[in-house]
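> See my_file-v2.cif below, with mmCIF, C-alpha atoms.
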```cif
data_my_file
#
loop_
_atom_site.label_atom_id
_atom_site.label_comp_id
_atom_site.auth_asym_id
_atom_site.auth_seq_id
_atom_site.Cartn_x
_atom_site.Cartn_y
_atom_site.Cartn_z
CA MET K 74 -101.31 78.94 -18.72
CA TYR K 75 -99.17 81.91 -19.63
CA CYS K 76 -95.90 81.60 -21.41
CA MET K 77 -93.27 84.17 -20.60
CA SER K 78 -91.13 83.36 -23.57
CA LYS K 79 -93.90 84.53 -25.87
CA ALA K 80 -94.93 87.58 -23.86
CA THR K 81 -95.96 90.38 -26.20
CA GLY K 82 -96.73 93.49 -24.27
CA ASP K 83 -99.12 92.05 -21.69
CA PRO K 84 -98.40 93.90 -18.43
CA GLU K 85 -100.04 91.28 -16.25
CA ARG K 86 -97.88 88.56 -17.76
CA ALA K 87 -94.76 90.68 -17.44
CA ILE K 88 -95.25 91.18 -13.73
CA ASN K 89 -96.27 87.57 -13.08
CA GLY K 90 -93.19 86.44 -14.99
CA PHE K 91 -91.02 88.79 -12.99
CA MET K 92 -92.39 87.34 -9.74
CA SER K 93 -91.79 83.79 -11.00
CA VAL K 94 -88.18 84.46 -11.91
CA ALA K 95 -87.64 86.19 -8.57
CA GLN K 96 -88.95 83.10 -6.82
CA LEU K 97 -86.61 80.80 -8.78
CA LEU K 98 -83.68 83.03 -7.80
CA GLU K 99 -84.67 82.80 -4.15
CA GLU K 100 -85.20 79.03 -4.09
CA PRO K 101 -82.24 76.97 -5.29
CA ARG K 102 -84.17 73.70 -5.02
CA LEU K 103 -86.83 74.93 -7.45
CA ALA K 104 -84.12 76.45 -9.66
CA ARG K 105 -82.25 73.15 -9.85
CA LEU K 106 -85.39 71.18 -10.69
CA TYR K 107 -86.36 73.70 -13.36
CA THR K 108 -83.03 73.62 -15.24
CA TYR K 109 -82.84 69.84 -14.92
CA ILE K 110 -86.21 69.52 -16.67
CA LEU K 111 -85.16 72.12 -19.25
CA ARG K 112 -82.13 69.99 -20.16
CA GLU K 113 -84.05 66.71 -20.15
CA GLY K 114 -86.87 67.94 -22.37
CA GLU K 115 -89.74 65.86 -20.98
CA VAL K 116 -89.75 64.02 -17.65
CA THR K 117 -92.02 62.06 -15.35
CA ILE K 118 -92.04 62.22 -11.55
CA ASP K 119 -90.30 58.81 -11.49
CA GLU K 120 -87.44 60.17 -13.59
CA ILE K 121 -87.07 63.23 -11.37
CA VAL K 122 -86.93 61.06 -8.25
CA ALA K 123 -84.32 58.79 -9.83
CA ASP K 124 -82.16 61.45 -11.50
CA ILE K 125 -81.88 64.17 -8.91
CA ASP K 126 -82.30 62.14 -5.79
CA MET K 127 -85.37 63.97 -4.54
CA PRO K 128 -88.09 62.45 -2.32
CA ARG K 129 -91.27 61.73 -4.28
CA THR K 130 -93.41 64.05 -2.15
CA THR K 131 -90.97 66.91 -2.76
CA ALA K 132 -90.94 66.17 -6.49
CA TYR K 133 -94.75 66.40 -6.61
CA ALA K 134 -94.82 69.57 -4.53
CA ASP K 135 -92.02 71.30 -6.44
CA THR K 136 -93.26 70.44 -9.93
CA GLY K 137 -96.64 71.75 -8.76
CA SER K 138 -95.01 74.99 -7.64
CA LEU K 139 -93.18 75.36 -10.96
CA VAL K 140 -96.40 74.75 -12.90
CA ASP K 141 -98.12 77.43 -10.79
CA LEU K 142 -95.24 79.79 -11.48
CA GLY K 143 -95.81 79.24 -15.19
CA VAL K 144 -92.33 77.92 -15.95
CA LEU K 145 -93.36 74.28 -16.35
CA THR K 146 -96.18 72.63 -18.29
CA ARG K 147 -97.84 69.40 -17.16
CA ASP K 148 -99.12 67.08 -19.87
CA GLU K 149 -102.06 65.18 -18.44
CA GLU K 150 -103.01 63.39 -21.67
CA GLN K 151 -101.17 60.21 -20.74
CA LYS K 152 -101.78 58.12 -17.64
CA THR K 153 -98.30 59.09 -16.43
CA HIS K 154 -98.06 62.87 -16.45
CA THR K 155 -95.02 64.44 -18.05
CA TYR K 156 -93.43 67.80 -17.40
CA THR K 157 -91.73 70.19 -19.82
CA ALA K 158 -89.90 73.41 -18.95
CA ILE K 159 -90.63 76.70 -20.64
CA PRO K 160 -87.39 78.60 -21.34
CA ILE K 161 -87.54 81.94 -19.58
CA THR K 162 -85.84 85.24 -20.17
CA LEU K 163 -86.41 88.38 -18.17
CA THR K 164 -84.72 91.68 -18.77
CA ALA K 165 -84.53 93.90 -15.73
CA ASN K 166 -83.91 97.59 -16.27
CA LEU K 167 -83.46 99.70 -13.18
CA ASP K 168 -82.67 103.34 -13.94
CA GLY K 169 -80.74 102.31 -17.03
CA ASN K 170 -78.91 99.41 -15.38
CA THR K 171 -79.96 96.37 -17.34
CA TYR K 172 -79.53 92.65 -16.99
CA THR K 173 -81.10 89.76 -18.83
CA ILE K 174 -81.82 86.75 -16.65
CA THR K 175 -81.87 83.45 -18.53
CA PRO K 176 -81.85 79.77 -17.51
CA THR K 177 -78.06 79.86 -17.15
CA LEU K 178 -78.28 82.15 -14.12
CA ILE K 179 -81.10 79.96 -12.76
CA GLU K 180 -78.74 76.96 -13.04
CA ALA K 181 -76.04 78.81 -11.09
CA ILE K 182 -78.57 79.47 -8.32
CA GLY K 183 -79.65 75.82 -8.36
CA ARG K 184 -76.10 74.63 -7.91
CA SER K 185 -75.21 77.03 -5.11
CA PRO K 186 -76.16 74.83 -2.12
CA GLN K 187 -73.80 72.11 -3.42
CA ASP K 188 -71.00 74.47 -4.46
CA GLN K 189 -69.06 76.11 -1.64
CA ASP K 190 -67.73 78.94 -3.81
CA LEU K 191 -71.08 79.96 -5.29
CA ASP K 192 -72.69 79.57 -1.88
CA LEU K 193 -70.11 81.81 -0.22
CA LEU K 194 -70.38 84.38 -3.02
CA ILE K 195 -74.16 84.64 -2.60
CA GLU K 196 -73.91 84.72 1.19
CA LYS K 197 -71.30 87.49 1.23
CA TYR K 198 -72.30 89.58 -1.78
CA GLY K 199 -75.81 88.58 -2.86
CA ILE K 200 -77.35 87.21 -6.04
CA GLY K 201 -76.56 90.41 -7.94
CA LYS K 202 -72.86 89.64 -7.64
CA LEU K 203 -73.47 86.13 -8.97
CA ALA K 204 -75.24 87.62 -11.97
CA ALA K 205 -72.37 90.06 -12.52
CA ALA K 206 -69.81 87.25 -12.20
CA LEU K 207 -71.64 85.32 -14.93
CA THR K 208 -71.01 88.19 -17.37
CA TYR K 209 -67.27 87.69 -16.74
CA ALA K 210 -67.41 83.90 -16.82
CA ILE K 211 -68.75 83.97 -20.40
CA PRO K 212 -65.69 85.67 -21.93
CA TYR K 213 -63.49 83.69 -19.51
CA VAL K 214 -64.80 80.48 -21.11
CA GLU K 215 -64.96 81.80 -24.67
CA GLY K 216 -61.72 83.80 -24.60
CA GLY K 217 -61.33 87.50 -23.97
CA MET K 218 -61.14 87.80 -20.17
CA THR K 219 -58.44 86.85 -17.71
CA GLU K 220 -59.11 85.49 -14.25
CA ARG K 221 -57.43 88.31 -12.35
CA LEU K 222 -58.94 91.13 -14.36
CA ALA K 223 -62.38 89.62 -13.78
CA ALA K 224 -61.74 89.20 -10.05
CA ARG K 225 -60.54 92.79 -9.73
CA GLU K 226 -63.46 94.33 -11.61
CA LEU K 227 -65.87 92.21 -9.55
CA GLY K 228 -64.15 93.34 -6.35
CA LEU K 229 -63.30 89.79 -5.25
CA GLN K 230 -60.13 88.44 -3.63
CA PRO K 231 -58.20 87.06 -6.66
CA ALA K 232 -58.12 83.36 -5.74
CA PHE K 233 -61.76 83.41 -4.61
CA GLY K 234 -62.67 85.22 -7.84
CA ILE K 235 -60.93 82.48 -9.84
CA ALA K 236 -62.87 79.80 -7.93
CA VAL K 237 -66.14 81.59 -8.72
CA LEU K 238 -65.22 81.83 -12.42
CA GLN K 239 -64.39 78.13 -12.46
CA ALA K 240 -67.72 77.28 -10.81
CA LEU K 241 -69.56 79.37 -13.39
CA ARG K 242 -67.50 77.83 -16.18
CA GLU K 243 -69.06 74.47 -15.23
CA VAL K 244 -72.51 76.11 -15.29
CA ILE K 245 -71.87 77.57 -18.75
CA LEU K 246 -70.51 74.34 -20.22
CA GLU K 247 -73.62 72.56 -18.94
CA MET K 248 -76.18 75.16 -20.01
CA ARG K 249 -75.12 76.90 -23.18
CA GLU K 250 -76.62 74.32 -25.50
CA TYR K 251 -79.92 74.20 -23.59
CA ASP K 252 -80.40 77.90 -22.85
CA PRO K 253 -82.02 79.42 -25.94
CA TYR K 254 -81.32 82.91 -24.60
CA PHE K 255 -77.69 82.35 -23.71
CA ASP K 256 -76.51 84.98 -26.21
CA GLN K 257 -78.63 87.61 -24.50
CA ILE K 258 -76.61 87.46 -21.28
CA ARG K 259 -74.28 90.42 -20.98
CA ASN K 260 -70.66 89.87 -21.79
CA ALA K 261 -68.14 91.80 -19.69
CA HIS K 262 -65.63 91.66 -22.54
CA ASP K 263 -67.64 94.43 -24.18
CA LYS K 264 -67.30 96.68 -21.15
CA PRO K 265 -66.99 96.41 -17.38
CA VAL K 266 -70.34 95.79 -15.68
CA ASP K 267 -70.22 99.04 -13.74
CA GLU K 268 -69.90 101.12 -16.91
CA GLU K 269 -73.38 101.55 -18.24
CA ALA K 270 -74.06 103.05 -21.65
CA MET X 276 -44.38 63.06 -20.43
CA ASP X 277 -46.19 60.43 -18.39
CA GLY X 278 -49.94 60.90 -18.07
CA THR X 279 -50.48 63.58 -20.69
CA ASN X 280 -50.56 63.39 -24.48
CA GLU X 281 -48.78 66.67 -24.93
CA SER X 282 -45.26 66.84 -26.26
CA ILE X 283 -43.71 68.76 -23.42
CA PRO X 284 -39.93 68.52 -23.16
CA GLU X 285 -38.78 66.17 -20.38
CA ASN X 286 -36.52 68.83 -18.95
CA ALA X 287 -39.15 71.58 -18.93
CA VAL X 288 -39.67 73.55 -15.75
CA TRP X 289 -43.38 73.80 -14.96
CA VAL X 290 -44.63 77.20 -13.86
CA ALA X 291 -48.09 76.82 -12.38
CA ASP X 292 -50.87 79.32 -11.78
CA SER X 293 -53.42 79.67 -8.94
CA GLY X 294 -56.30 78.36 -11.04
CA VAL X 295 -54.70 74.92 -11.37
CA PHE X 296 -54.68 74.37 -7.61
CA ILE X 297 -58.17 75.80 -7.28
CA ALA X 298 -59.51 73.56 -10.05
CA CYS X 299 -57.97 70.56 -8.28
CA GLY X 300 -59.74 71.46 -5.07
CA ARG X 301 -63.19 72.25 -6.44
CA GLN X 302 -65.94 69.75 -5.63
CA GLN X 303 -63.94 66.50 -5.39
CA ARG X 304 -60.58 66.97 -3.77
CA ASN X 305 -59.04 63.73 -5.09
CA LYS X 306 -57.84 65.75 -8.09
CA TYR X 307 -55.25 67.31 -5.83
CA THR X 308 -53.80 63.87 -5.11
CA ALA X 309 -53.77 63.16 -8.86
CA LEU X 310 -51.73 66.31 -9.44
CA GLU X 311 -49.27 65.30 -6.75
CA ARG X 312 -48.91 61.83 -8.28
CA PHE X 313 -48.40 63.38 -11.72
CA ALA X 314 -45.65 65.61 -10.35
CA GLN X 315 -43.90 62.75 -8.57
CA ARG X 316 -44.15 60.33 -11.50
CA ASN X 317 -42.60 62.89 -13.83
CA GLU X 318 -40.19 64.28 -11.24
CA ILE X 319 -41.67 67.73 -11.60
CA THR X 320 -41.65 70.50 -9.02
CA PHE X 321 -44.25 73.10 -9.89
CA VAL X 322 -42.83 76.59 -9.56
CA ILE X 323 -45.43 79.12 -8.45
CA PRO X 324 -44.98 82.89 -8.57
CA ARG X 325 -44.90 84.50 -5.13
CA ARG X 326 -48.10 86.24 -6.14
CA VAL X 327 -49.84 82.87 -6.58
CA TYR X 328 -48.75 81.74 -3.14
CA GLU X 329 -50.06 84.95 -1.58
CA GLU X 330 -53.36 84.74 -3.47
CA LEU X 331 -54.05 81.19 -2.35
CA GLY X 332 -53.16 82.03 1.24
CA GLY X 333 -55.33 85.15 1.24
CA ALA X 334 -58.54 83.49 0.08
CA PRO X 335 -61.56 83.24 2.41
CA ASP X 336 -61.40 80.14 4.65
CA ARG X 337 -64.65 78.71 3.38
CA SER X 338 -63.74 79.00 -0.31
CA THR X 339 -61.97 76.31 -2.34
CA PRO X 340 -58.66 78.23 -2.55
CA GLY X 341 -58.84 78.92 1.19
CA GLN X 342 -58.70 75.16 1.75
CA THR X 343 -56.03 74.35 -0.83
CA PRO X 344 -53.20 72.50 0.93
CA VAL X 345 -50.47 74.43 -0.86
CA ASN X 346 -48.26 74.56 2.22
CA SER X 347 -48.18 70.79 2.52
CA ALA X 348 -47.39 70.58 -1.22
CA ILE X 349 -44.44 72.88 -0.58
CA SER X 350 -43.21 70.84 2.39
CA ASN X 351 -43.61 67.66 0.31
CA GLU X 352 -41.47 69.37 -2.32
CA TRP X 353 -43.72 69.09 -5.35
CA VAL X 354 -44.47 72.80 -5.27
CA THR X 355 -41.94 75.56 -4.75
CA VAL X 356 -42.33 79.33 -4.56
CA ALA X 357 -40.30 81.31 -7.12
CA ASP X 358 -37.79 83.95 -6.09
CA GLU X 359 -38.98 87.54 -5.84
CA LEU X 360 -39.25 88.97 -9.37
CA ASP X 361 -36.38 91.20 -10.38
CA TYR X 362 -37.96 94.05 -12.30
CA THR X 363 -34.52 95.52 -13.01
CA ASN X 364 -33.80 92.50 -15.22
CA PRO X 365 -34.72 93.95 -18.64
CA THR X 366 -35.91 90.59 -20.03
CA VAL X 367 -38.23 90.01 -17.07
CA SER X 368 -39.59 93.52 -17.17
CA SER X 369 -40.05 93.60 -20.93
CA VAL X 370 -41.76 90.18 -21.06
CA MET X 371 -44.15 91.32 -18.33
CA ASP X 372 -44.94 94.50 -20.27
CA ASP X 373 -45.68 92.43 -23.36
CA VAL X 374 -47.94 90.07 -21.44
CA ARG X 375 -49.73 93.08 -20.06
CA SER X 376 -50.34 94.51 -23.55
CA PHE X 377 -51.51 91.13 -24.78
CA ILE X 378 -53.99 90.72 -21.92
CA ALA X 379 -55.29 94.27 -22.32
CA ARG X 380 -55.85 93.71 -26.04
CA GLU X 381 -57.54 90.33 -25.58
CA SER X 382 -59.76 91.56 -22.74
CA ASN X 383 -60.77 94.77 -24.50
CA ARG X 384 -59.40 96.97 -21.71
CA SER X 385 -56.79 99.69 -21.51
CA GLU X 386 -53.36 98.68 -20.22
CA ASP X 387 -54.02 100.73 -17.08
CA ASN X 388 -56.58 98.08 -16.08
CA ILE X 389 -53.95 95.33 -16.08
CA GLU X 390 -51.67 95.24 -13.06
CA LYS X 391 -48.06 94.26 -13.41
CA ALA X 392 -48.67 91.52 -10.84
CA ASP X 393 -51.21 89.96 -13.24
CA THR X 394 -48.27 89.08 -15.46
CA ALA X 395 -46.18 87.35 -12.78
CA LEU X 396 -46.41 84.03 -14.62
CA GLY X 397 -44.59 85.59 -17.58
CA GLY X 398 -42.07 87.22 -15.26
CA VAL X 399 -41.17 83.93 -13.60
CA ALA X 400 -40.89 82.17 -16.98
CA ALA X 401 -38.63 84.93 -18.32
CA HIS X 402 -36.46 84.90 -15.21
CA LEU X 403 -35.95 81.13 -15.42
CA LEU X 404 -35.15 81.11 -19.14
CA ASP X 405 -32.82 84.07 -18.73
CA SER X 406 -30.91 82.34 -15.94
CA GLU X 407 -29.44 79.75 -18.35
CA ASN X 408 -30.18 76.83 -16.03
CA THR X 409 -33.52 76.38 -17.74
CA SER X 410 -33.92 75.51 -21.40
CA ALA X 411 -37.67 74.97 -21.54
CA ILE X 412 -40.76 76.10 -19.66
CA CYS X 413 -44.25 74.71 -19.51
CA VAL X 414 -46.80 77.23 -18.28
CA LEU X 415 -49.71 75.50 -16.56
CA THR X 416 -52.75 77.71 -16.12
CA THR X 417 -56.55 77.62 -16.31
CA ASP X 418 -56.46 81.11 -17.81
CA ASP X 419 -56.30 80.84 -21.62
CA ASP X 420 -55.56 84.48 -22.28
CA ALA X 421 -52.83 84.59 -19.63
CA GLY X 422 -51.25 81.38 -20.98
CA ASN X 423 -51.30 82.58 -24.59
CA GLY X 424 -49.97 85.96 -23.50
CA VAL X 425 -46.97 84.39 -21.77
CA VAL X 426 -46.16 82.20 -24.78
CA THR X 427 -46.44 85.12 -27.21
CA ALA X 428 -44.29 87.40 -25.05
CA ILE X 429 -41.60 84.81 -24.31
CA GLU X 430 -41.30 83.79 -27.96
CA ALA X 431 -40.98 87.44 -28.98
CA HIS X 432 -37.94 87.67 -26.70
CA GLY X 433 -35.95 85.12 -28.63
CA PHE X 434 -36.93 82.02 -26.64
CA ASP X 435 -38.66 80.49 -29.62
CA GLY X 436 -39.61 76.85 -29.10
CA GLN X 437 -38.67 76.98 -25.40
CA ILE X 438 -42.16 77.66 -24.06
CA THR X 439 -45.34 75.56 -23.99
CA PHE X 440 -48.75 76.42 -22.60
CA LYS X 441 -50.65 73.55 -21.01
CA ASP X 442 -54.31 74.10 -20.19
CA GLY X 443 -54.87 73.31 -16.50
CA PHE X 444 -58.38 71.89 -16.98
CA GLU X 445 -57.07 69.66 -19.74
CA LEU X 446 -54.22 68.32 -17.61
CA ILE X 447 -56.56 67.62 -14.71
CA SER X 448 -58.96 65.66 -16.92
CA GLU X 449 -56.04 63.68 -18.35
CA ILE X 450 -54.63 62.68 -14.98
CA THR X 451 -57.86 61.91 -13.11
#
```
I need this file expressed as structure tokens, please.

Amino acid sequence: MYCMSKATGDPERAINGFMSVAQLLEEPRLARLYTYILREGEVTIDEIVADIDMPRTTAYADTGSLVDLGVLTRDEEQKTHTYTAIPITLTANLDGNTYTITPTLIEAIGRSPQDQDLDLLIEKYGIGKLAAALTYAIPYVEGGMTERLAARELGLQPAFGIAVLQALREVILEMREYDPYFDQIRNAHDKPVDEEA
Amino acid sequence: MDGTNESIPENAVWVADSGVFIACGRQQRNKYTALERFAQRNEITFVIPRRVYEELGGAPDRSTPGQTPVNSAISNEWVTVADELDYTNPTVSSVMDDVRSFIARESNRSEDNIEKADTALGGVAAHLLDSENTSAICVLTTDDDAGNGVVTAIEAHGFDGQITFKDGFELISEIT
């Protein structure tokens, strides 16, 4: 069992962690299950089935996948196994363009199939745009960013941009107390996302 | 005011922003009906800047704003589109400049990044107060910085106590 949150210079773990996060970003169903467990603390399969309306077979398969990805631990001490999420943070740095992925972005991905605005954003512009929009939604919620300025800098039609900010506002309000790395997410108040240091 | 705890003058004209209609339409659409009921119960007609009308109409079809029934709200007379802004009116123009400076400061950007159209809410409020038919305005927006900017700018132009900012999310949770 490796634990990405405690990674200390192990290249193998870094790359495995990177692949795990990439998989969560690609699979909203896994993303949604992961952040649900992160918020709940410790859950059983029965609780998952009841709370997020997921067939039992899917719950077994998906928790198994998340354990294999190293983002969930399974406690097999008790007769009824329990699952706990490991908070993840991954900083990507591509030619000086950096972004820190935390559970808040994972939650946004997990919500996308049930949220027409997030779904349309990802379909039209990709997950990178969702990540960029999150950096605007943070100062939008906390003060220090207007809706139209955010929409313009993100290159979105103003009303659609506002809808995306509102969708991400719900994500932030839900996640900021459970995401231990929330403060590491970039904040577009500091500077526009396309202006790198 | 029926349905909200706020002390908003009975005779206030409500100037509403795009985000309010979008927030009503997101996920469960019954919030839109609640807003209509709130308007009718209080005999309010929400005034929207022309810019807001154009933004809502220009949104992608499959997005929440693209499906906002603003046209039916207009034909049912609980929403109306404001007159074209008169930039030659010094009060309107000066309020909009002040809102622009406020937004730039709050957002940590230069004023060049803020378009005049971003301040339309302030322009409409200034126009109405300047016209003498309106003694009080309530600005309804989901954009905190825009709402505070309008209040600050309007008050600085001698309309002290005639402007209130009501948070759109707050109103929606009070009326649903």
> Restricting the calculation to all atoms listed in the file: of K:Leu246, K:Ile258, K:Ala236, K:Ile174, which residue gets closest to chain X?
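Closest residue, counting all atoms listed in the file: K:Ala236.
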> Please report as CSV every residue of chain X lying within 6 Å of chain K, along with the nearest atom pair and their distance in Å (one decimal), using only C-alpha atoms.

```
residue,atom,partner,partner_atom,distance
X:Glu330,CA,K:Ala232,CA,5.5
X:Leu331,CA,K:Ala232,CA,5.7
X:Ala334,CA,K:Phe233,CA,5.7
X:Ser338,CA,K:Asp190,CA,5.3
X:Glu381,CA,K:Gly217,CA,5.0
X:Ser382,CA,K:Gly217,CA,4.5
X:Asp420,CA,K:Thr219,CA,5.9
```
> Do you have the atom CA of X:Met371-atom CA of X:Ala395 distance handy?
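Atom CA of X:Ala395 lies 7.1 Å from atom CA of X:Met371.
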> List, as a list in words, every residue that the PyMOL selection byres ((chain X and resi 292) around 8) selects in the file provided.
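Residues picked by the PyMOL selection byres ((chain X and resi 292) around 8): Val290, Ala291, Ser293, Gly294, Val295, Phe296, Ile323, Pro324, Val327, Leu396, Val414, Leu415, Thr416 and Thr417 of chain X.
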> Could you jot down the atom CA of K:Pro253 to atom CA of K:Phe91 separation for me, Å, one decimal place?
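Distance reported for this atom pair: 18.3 Å.
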> Which is closer to X:Thr366 than all the others in X:Gln302, X:Gly397, X:Asn317, X:Ile283, using all atoms listed in the file?
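Closest to X:Thr366, using all atoms listed in the file: X:Gly397.
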> With 10 Å as the threshold, what does the neighbourhood of (-78.9, 71.1, -16.0) contain in terms of residues, counting only C-alpha atoms? Coordinates are those of the file; answer as a PyMOL selection string.
chain K and resi 104-113+176-177+179-181+183-184+244-249+251-252
